[in-house]
Amino acid sequence: MRLFLQYFVSGLSTGSIYALVALGLSLVYRSTRILNFAHGDLAAFGTFVAFTLLGLQLAFLITFPLAIAGGAVLAMAFYFLILVPAQRRNATILGQIILTLGLGLILQGLISYLWGTDTKTLAFPLSDSRVWNIGGVVVSELGLWTFILGLAMSCLLYLLVQKTRLGVAMRATSENLPAAQTLGIPTRRVLALAWGLAASLGVAAGLFLAPALLLDPFFMLEPFLKGFAAAILGGLQSLPGAILGGLILGVAESLAGGYVSIALKNTLAFLIIIVILLVKPEGLLGEEFKERV
Amino acid sequence: MDLIESYREELRLIRKFWTGLGIGCIIVAALILPFLRQDYLVHIATVVFIYAIGVQGQNILIGYTGLISFGQAGFLAIGAYAFGHLTAQGLPIPAALLAAGLLAGLSGFIVGFPSLRLKGPYLAIVTMGFGVAVYQILLNTEAISGGRMGLVVKKIPALFGLTQQATFYYFILLLLIILTIFSYNLISSYAGRAFIAIRDNDIAAEAMGVNLAHYKLLSFAISSFYVGLQGAAYALFIGYLEPNLFTFMESITIFVAVIIGGLASIGGSIMGAAFVILVPQVWSEARELVPVIFGITIIIILIFEPQGIAGRWLKIRLYFRNWPFR
């Protein structure tokens with residue numbers, strides 16, 4: 001039982017990272033119907049910005065917001081400079097998805113070029129090895145703070161989307177774009193903001209992942225794919241679904257790794273994707289899936 | 001483009017004398033390349049030909065049928081490892097090649113089932129999940145992947161008094177020509193027309209009597225067959241297999257080749273394959289920047305020339321047809 005709790009708790013902390021990534025993906029998906037293939041690379045870029053800033057002896061509390069803002073600015077620039085012109089030329093949804101893939105490739109190449117492909121460690125103030133023992137369950141400082149960050153970010157996002165004027169505008173835009181435009185909502189700016197928010201969630205996830213993994217240009221690829229799985233598990237359209245999906249995936253992975261085999265741990269996410277899409281494509285909390293052929 | 005008067009003319013692959021002459025020149029040039037004693041050129045051309053096989057297959061799926069797939073690495077791996085194990089069992093190379101392709105085609109048929117229910121982005125995710133899952137399984141099962149030692153594949157022997165390199169070059173060239181002719185014929189057959197109809201409007205296609213399930217699965221199977229052959233040919237080429245040859249990046253490379261070469265164009269597929277192979281060679285001093293070039297090219301192509309290199313080539317030809325009048 002104690003072992004089970006241990007796996008459960010460590011799964012929750014990984015799961016909150018997946019939830020953050022999944023939130024960013026579904027935030028973009030539900031407002032623009034675009035699957036953001038550059039999400040992982042945007043997050044990695046922000047994390048590398050943080051790496052450079054920390055190297056300049058900046059305090060962590062300054063670096064953290066700066067890196068997040070950097071990721072957000074990059075995503076918004078992509079929206080305004082590439083996606084909007086593409087939409088003006090009647091790019092299809094699929095074309096826009098491929099554009100994000102192009103952005104991902106560019107960022108990946110730039111990161112390799114600017115920072116090199118060797119692995120680095122991020123000087124992170126929270127440690128992985130400082131642990132507390134709570135009733136027999138070991139909780140690391142990093143794991144605890146990761147979970148708190150995931151929870152806090154989710155709550156903030158919930159408040160933003162549900163309780164503010166901006167959130168109402170975002171929901172209106174994702175519900176029905178032409179109607180939102182007719183009502184005078186500046187949909188371009190709202191969508192750009194959704195992109196920025198999504199990227200900053202990704203960067204936050206990247207920053208908290210970096211101390212557990214080592215920094216290299218591809219370090220976000222796997223968490224990004226897992227976040228994808230989480231978003232699909234919860235339903236790509238739904239923000240609570242993304243959080244739920246992330247936590248479930250994290251716990252399931254941790255349990256599978258603990259009880260079955262460590263090999264299953266990494267494959268599980270992709271099995272989940274395939275099974276969910278075959279059995280219940282709208283996900284756990286998604287609405288009715290309409291685009292069935 | 002041209003005025004086609006009869007169905008026989010529509011089916012003909014080469015309609016104009018000059019097209020035939022151009023293609024003939026290209027084939028002759030390809031045939032005499034190994035005699036120039038430029039080993040490096042032959043090497044690059046071989047890799048381009050190998051990739052051109054798989055890119056064509058993916059174009060049948062993505063460009064003609066309109067089903068997006070990111071699982072190419074999985075089919076590549078299945079083809080390559082099937083080929084490696086079959087030749088190790090003593091099967092002759094052509095038979096092993098065919099078997100590897102068929103096995104990849106069969107797995108494509110199975111992976112294609114989600115395509116009956118899912119569209120666009122969702123299908124992309126399923127196939128991506130498949131590609132990554134195959135990679136993970138390879139990493140974790142030493143019986144298939146040969147563990148840390150990798151899997152050694154016997155190379156093709158030198159035949160007909162040619163060098164080993166030239167033998168393989170001609171072998172791949174022959175394979176590519178056969179497959180290219182097959183692709184062109186496939187596209188103008190009933191199945192090919194059905195693929196295009198599904199891409200343009202699946203509901204209308206079904207109303208016209210195209211069996212969606214049948215032709216979507218067929219398209220998946222054929223494209224995976226091509227990619228499996230590419231994997232097998234690649235295994236034969238490098239003579240050594242390890243799971244890291246089949247990462248997600250490999251899927252992306254083939255996908256990029258399809259987009260850059262031009263959707264729904266067989267000739268474009270070969271040009272796209274040449275692009276993704278030649279760019280890293282030309283930019284070998286700044287290898288990190290190769291993805292940047294790919295990314296920028298994708299963005300430029302999608303915004304300014306959605307038909308890719310093939311579309312641009314067509315426009316150039318149309319422009320010069322009545323030159324200097326327009």
# chains A, B, ... in the order shown; residues from 1 in each chain; ligands from 1
$ interface_residues --of "chain A" --to "chain B" --cutoff "6 Å" --atoms "only C-alpha atoms" --output "count of residues only"
14
$ residues_around --residues "Ala45 in chain B" --least-positions-apart "3" --cutoff "12 Å" --atoms "only C-alpha atoms" --output "VMD selection string"
chain B and resid 29 to 31 33 to 34 38 to 42 48 to 52 165 to 166 168 to 170 172 to 173 176 270 to 271 273 to 275 277 to 278 281
$ residues_around --residues "Gln72 in chain B" --least-positions-apart "2" --cutoff "7 Å" --atoms "only C-alpha atoms" --output "MDAnalysis selection string"
chainID B and resid 70 74:76 131 227 251
$ residues_around --residues "Leu285 in chain A" --least-positions-apart "2" --cutoff "6 Å" --atoms "only C-alpha atoms" --output "list in words"
Gly234, Gly235, Gly241 and Gly283 of chain A
$ write_last_selection --atoms "C-alpha atoms" --output "mmCIF file, in the first residue's frame"
data_model
loop_
_atom_site.group_PDB
_atom_site.id
_atom_site.type_symbol
_atom_site.label_atom_id
_atom_site.label_comp_id
_atom_site.auth_asym_id
_atom_site.auth_seq_id
_atom_site.Cartn_x
_atom_site.Cartn_y
_atom_site.Cartn_z
ATOM 1 C CA GLY A 234 -9.092 14.370 -21.559
ATOM 2 C CA GLY A 235 -10.584 15.632 -24.788
ATOM 3 C CA GLY A 241 -10.009 17.519 -19.494
ATOM 4 C CA GLY A 283 -11.895 12.021 -24.888
#
$ atom_distance --atom1 "CA of Ser174 in chain A" --atom2 "CA of Gly246 in chain A"
22.1 Å
$ closest_atom_pairs --of "range 18-94 of chain A" --to "range 133-155 of chain A" --cutoff "12 Å" --atoms "only C-alpha atoms" --output "tab-separated table"
residue	atom	partner	partner_atom	distance
A:Tyr18	CA	A:Gly150	CA	9.1
A:Ala19	CA	A:Gly150	CA	7.2
A:Leu20	CA	A:Gly150	CA	6.3
A:Val21	CA	A:Gly150	CA	9.9
A:Ala22	CA	A:Ser154	CA	11.0
A:Leu23	CA	A:Ser154	CA	8.2
A:Gly24	CA	A:Ser154	CA	10.6
A:Leu27	CA	A:Ser154	CA	11.8
$ write_last_selection --atoms "C-alpha atoms" --output "short mmCIF file (atom, residue, chain, number, x, y, z; two decimals), in the first residue's frame"
data_model
loop_
_atom_site.label_atom_id
_atom_site.label_comp_id
_atom_site.auth_asym_id
_atom_site.auth_seq_id
_atom_site.Cartn_x
_atom_site.Cartn_y
_atom_site.Cartn_z
CA TYR A 18 1.88 16.77 -18.57
CA ALA A 19 -1.21 18.70 -17.57
CA LEU A 20 0.59 22.02 -18.15
CA VAL A 21 1.73 20.91 -21.61
CA ALA A 22 -1.72 19.53 -22.40
CA LEU A 23 -3.36 22.78 -21.25
CA GLY A 24 -1.26 24.75 -23.70
CA LEU A 27 -5.90 26.16 -25.34
#
$ residues_around --residues "Ala169 in chain A" --least-positions-apart "4" --cutoff "9 Å" --atoms "only C-alpha atoms" --output "list in words"
Val161, Thr164, Arg165, Thr173, Ser174, Ala180, Ile185, Pro186, Thr187 and Val190 of chain A
$ residues_around --residues "Val152 in chain B" --least-positions-apart "5" --cutoff "12 Å" --atoms "only C-alpha atoms" --output "JSON, numbers by chain"
{"B": [80, 81, 83, 84, 85, 86, 87, 88, 144, 145, 146, 147, 235, 236, 237, 238, 239, 240, 241, 242]}
